[in-house]
Amino acid sequence: MGDADAIPAAPKASASASASPDDRASLTTRNIPTMGLSSAENPLTAPLPPVSSTSPAERAAARFRVEGCAVLTGGAGTLALASARALLEHGVEALTLMDLHSTIEGSTAEIARLRTEFPPATVHTVPVDVTSESEVDEAFKAARDLMGRIDLLCCFAGIVGCVHSLAAQADQFRRVVDVNLVGSFLCAQAAAKYMVDAKTGGSILFTASISAHATNYPQPQAAYNVSKAGVAHLTRNLAAEWAVHGIRVNCISPGYMDTVLNAGDNLKPVRDIWASRCPMGRMGHIEEITGPVVLLSSKRGGRYITGADLLVDGGALCF
């Protein structure tokens, strides 16, 4: 996620090229690729056998056990670090936290604490700009080499920009969409390639937002809302395409969360408005997304859940 100037704009197609008679004629002879769906016989999507243990405690633990190795993008941020801890508590063998180098450096103490508190697991860090296709490819190759496999991906990388739409610059709009939507796709694609090659399936979890479903108030943030709506629909598309490979694709849509991004006295009037429009009357605590993350990452707990967008918003979208 480097400077916006580093992301070149796509060249504009000429009017004559877009209206070429030859191009239009070729539409009648094109071959459209088609997706394949899974079947009841596919072991990657079939129900799991019952837990063999007769102990209620062991059966309960197995229900939400998280297996394998995980990548978290935006991994040095508040929500990702809380989710990383939860995944480790539920059994993840190894984690790779991907983020900007500066953000990783700023979270050194929290990352070291994870390593100390979960010694059987390994916690790696890999810097990446999620808008760069080449950096994403290199980062996921590094994660696979470090952990041996990639079974889970949780995408937390994202930025927000509050600006009146009449004043918004094109590069500001593109920047938000590039990080939040294009970056999510690039990371999902990179992870899915390793999951497909391994023939063991996997889970991909995006972070959408209540902003994907309704216009925020009172702050104007059209680019962010559009990018998150794209993430929610990307979830459904990839879930349909990749189920045949045993890859479940879901997303969570958090409401306003009580993180450093929403802190400070200057934002108190806005926070009061957000809370007044929420049935639970408050913002969400960071721990309150960890349960949904564990559920959707668990091979058993989330076995028949794909293409879902789970609201974690205190009821904010009831209105």
# chains A, B, ... in the order shown; residues from 1 in each chain; ligands from 1
call {"tool": "residues_around", "arguments": {"residues": "Asp137 of chain A", "least_positions_apart": "5", "cutoff": "10 Å", "atoms": "only C-alpha atoms", "output": "MDAnalysis selection string"}}
result
chainID A and resid 128 130 132 142:143 186:187 189:191
call {"tool": "residues_around", "arguments": {"residues": "Ala198 of chain A", "least_positions_apart": "5", "cutoff": "10 Å", "atoms": "only C-alpha atoms", "output": "VMD selection string"}}
result
chain A and resid 149 to 151 192 to 193 245
call {"tool": "write_last_selection", "arguments": {"atoms": "N, CA and C atoms", "output": "compact mmCIF listing (two decimals), in the first residue's frame"}}
result
# COMPACT_ATOMS: atom_id res chain seq x y z
N ARG A 149 2.56 -24.52 3.92
CA ARG A 149 1.25 -24.58 3.26
C ARG A 149 0.46 -23.34 3.65
N ILE A 150 -0.60 -23.08 2.92
CA ILE A 150 -1.54 -22.00 3.25
C ILE A 150 -2.94 -22.60 3.24
N ASP A 151 -3.57 -22.64 4.40
CA ASP A 151 -4.91 -23.20 4.53
C ASP A 151 -5.97 -22.14 4.73
N ALA A 192 -5.50 -18.81 -3.09
CA ALA A 192 -6.29 -19.89 -3.69
C ALA A 192 -5.44 -20.77 -4.61
N LYS A 193 -4.48 -20.18 -5.28
CA LYS A 193 -3.63 -20.98 -6.16
C LYS A 193 -2.87 -22.05 -5.37
N HIS A 245 -13.17 -26.59 -5.55
CA HIS A 245 -11.82 -26.85 -5.04
C HIS A 245 -11.81 -26.99 -3.52
call {"tool": "select_by_dssp", "arguments": {"residues": "segment 36-248 of chain A", "states": "helix (DSSP H, G or I)", "output": "ChimeraX atom specification"}}
result
/A:56-63,78-89,101-106,108-117,133-147,170-198,210-212,222-245
call {"tool": "select_by_dssp", "arguments": {"residues": "segment 2-106 of chain A", "states": "strand (DSSP E or B)", "output": "ChimeraX atom specification"}}
result
/A:69-73,94-99
call {"tool": "residues_around", "arguments": {"residues": "Asp145 of chain A", "least_positions_apart": "3", "cutoff": "12 Å", "atoms": "only C-alpha atoms", "output": "list in words"}}
result
Cys69, Ala94, Thr96, His124, Val126, Glu138, Ala139, Phe140, Lys141, Ala142, Gly148, Arg149, Ile150 and Tyr194 of chain A
call {"tool": "write_last_selection", "arguments": {"atoms": "N, CA and C atoms", "output": "short mmCIF file (atom, residue, chain, number, x, y, z; two decimals), in the first residue's frame"}}
result
data_model
loop_
_atom_site.label_atom_id
_atom_site.label_comp_id
_atom_site.auth_asym_id
_atom_site.auth_seq_id
_atom_site.Cartn_x
_atom_site.Cartn_y
_atom_site.Cartn_z
N CYS A 69 -2.44 -23.62 8.60
CA CYS A 69 -1.60 -22.43 8.60
C CYS A 69 -2.35 -21.27 7.96
N ALA A 94 0.46 -22.21 12.48
CA ALA A 94 1.41 -21.16 12.10
C ALA A 94 0.64 -20.00 11.50
N THR A 96 1.22 -16.17 9.29
CA THR A 96 2.04 -15.15 8.64
C THR A 96 1.24 -13.86 8.61
N HIS A 124 5.11 -15.54 11.75
CA HIS A 124 6.02 -14.88 10.82
C HIS A 124 5.45 -13.53 10.42
N VAL A 126 5.65 -10.76 7.04
CA VAL A 126 6.11 -10.53 5.66
C VAL A 126 5.55 -9.18 5.21
N GLU A 138 5.02 -12.55 -4.43
CA GLU A 138 6.24 -12.85 -3.69
C GLU A 138 5.94 -13.10 -2.21
N ALA A 139 5.03 -12.30 -1.65
CA ALA A 139 4.71 -12.44 -0.23
C ALA A 139 4.05 -13.78 0.06
N PHE A 140 3.13 -14.21 -0.81
CA PHE A 140 2.45 -15.48 -0.56
C PHE A 140 3.37 -16.67 -0.83
N LYS A 141 4.28 -16.51 -1.76
CA LYS A 141 5.29 -17.57 -1.94
C LYS A 141 6.16 -17.68 -0.68
N ALA A 142 6.54 -16.51 -0.14
CA ALA A 142 7.34 -16.52 1.09
C ALA A 142 6.57 -17.17 2.24
N GLY A 148 5.03 -23.93 4.98
CA GLY A 148 4.86 -25.22 4.32
C GLY A 148 3.56 -25.34 3.56
N ARG A 149 2.56 -24.52 3.92
CA ARG A 149 1.25 -24.58 3.26
C ARG A 149 0.46 -23.34 3.65
N ILE A 150 -0.60 -23.08 2.92
CA ILE A 150 -1.54 -22.00 3.25
C ILE A 150 -2.94 -22.60 3.24
N TYR A 194 -2.39 -21.70 -4.19
CA TYR A 194 -1.69 -22.69 -3.37
C TYR A 194 -2.67 -23.71 -2.80
#
call {"tool": "atom_distance", "arguments": {"atom1": "atom CA of His164 of chain A", "atom2": "atom CA of Gln221 of chain A"}}
result
7.2 Å
call {"tool": "residues_around", "arguments": {"residues": "Val226 of chain A", "least_positions_apart": "5", "cutoff": "12 Å", "atoms": "only C-alpha atoms", "output": "PyMOL selection string"}}
result
chain A and resi 160-161+173-174+176-178+180-181+208-216+220-221+231-233
call {"tool": "closest_residue", "arguments": {"among": "A:Leu87, A:Leu27, A:Ala316, A:Val136", "to": "Ser276 of chain A", "atoms": "only C-alpha atoms"}}
result
A:Ala316
call {"tool": "atom_distance", "arguments": {"atom1": "atom CA of Leu205 of chain A", "atom2": "atom CA of Pro254 of chain A"}}
result
12.8 Å
call {"tool": "residues_around", "arguments": {"residues": "Thr73 of chain A", "least_positions_apart": "5", "cutoff": "9 Å", "atoms": "only C-alpha atoms", "output": "JSON, numbers by chain"}}
result
{"A": [80, 96, 97, 98, 99, 128, 130, 153, 154, 155, 156, 157, 184, 187]}
call {"tool": "closest_residue", "arguments": {"among": "A:Val196, A:Met257, A:Asp265, A:Ala240", "to": "Thr34 of chain A", "atoms": "only C-alpha atoms"}}
result
A:Ala240
call {"tool": "closest_atom_pairs", "arguments": {"of": "segment 84-112 of chain A", "to": "segment 299-314 of chain A", "cutoff": "12 Å", "atoms": "only C-alpha atoms", "output": "Markdown table"}}
result
| residue | atom | partner | partner_atom | distance |
| --- | --- | --- | --- | --- |
| A:His90 | CA | A:Lys299 | CA | 11.5 |
| A:Gly91 | CA | A:Lys299 | CA | 11.5 |
| A:Val92 | CA | A:Lys299 | CA | 11.4 |
call {"tool": "write_last_selection", "arguments": {"atoms": "C-alpha atoms", "output": "JSON list (two decimals), in the first residue's frame"}}
result
[["chain", "number", "residue", "atom", "x", "y", "z"],
["A", 90, "HIS", "CA", -8.29, -22.41, 18.55],
["A", 91, "GLY", "CA", -5.42, -24.43, 17.14],
["A", 92, "VAL", "CA", -3.75, -22.73, 14.18]]
call {"tool": "closest_residue", "arguments": {"among": "A:Thr200, A:Thr28, A:Thr78, A:Thr259", "to": "Leu44 of chain A", "atoms": "only C-alpha atoms"}}
result
A:Thr200
call {"tool": "closest_residue", "arguments": {"among": "A:Ala188, A:Ala109, A:Ala223, A:Ala57", "to": "Asp171 of chain A", "atoms": "only C-alpha atoms"}}
result
A:Ala223
call {"tool": "atom_distance", "arguments": {"atom1": "atom CA of Ile286 of chain A", "atom2": "atom CA of Gly74 of chain A"}}
result
14.7 Å
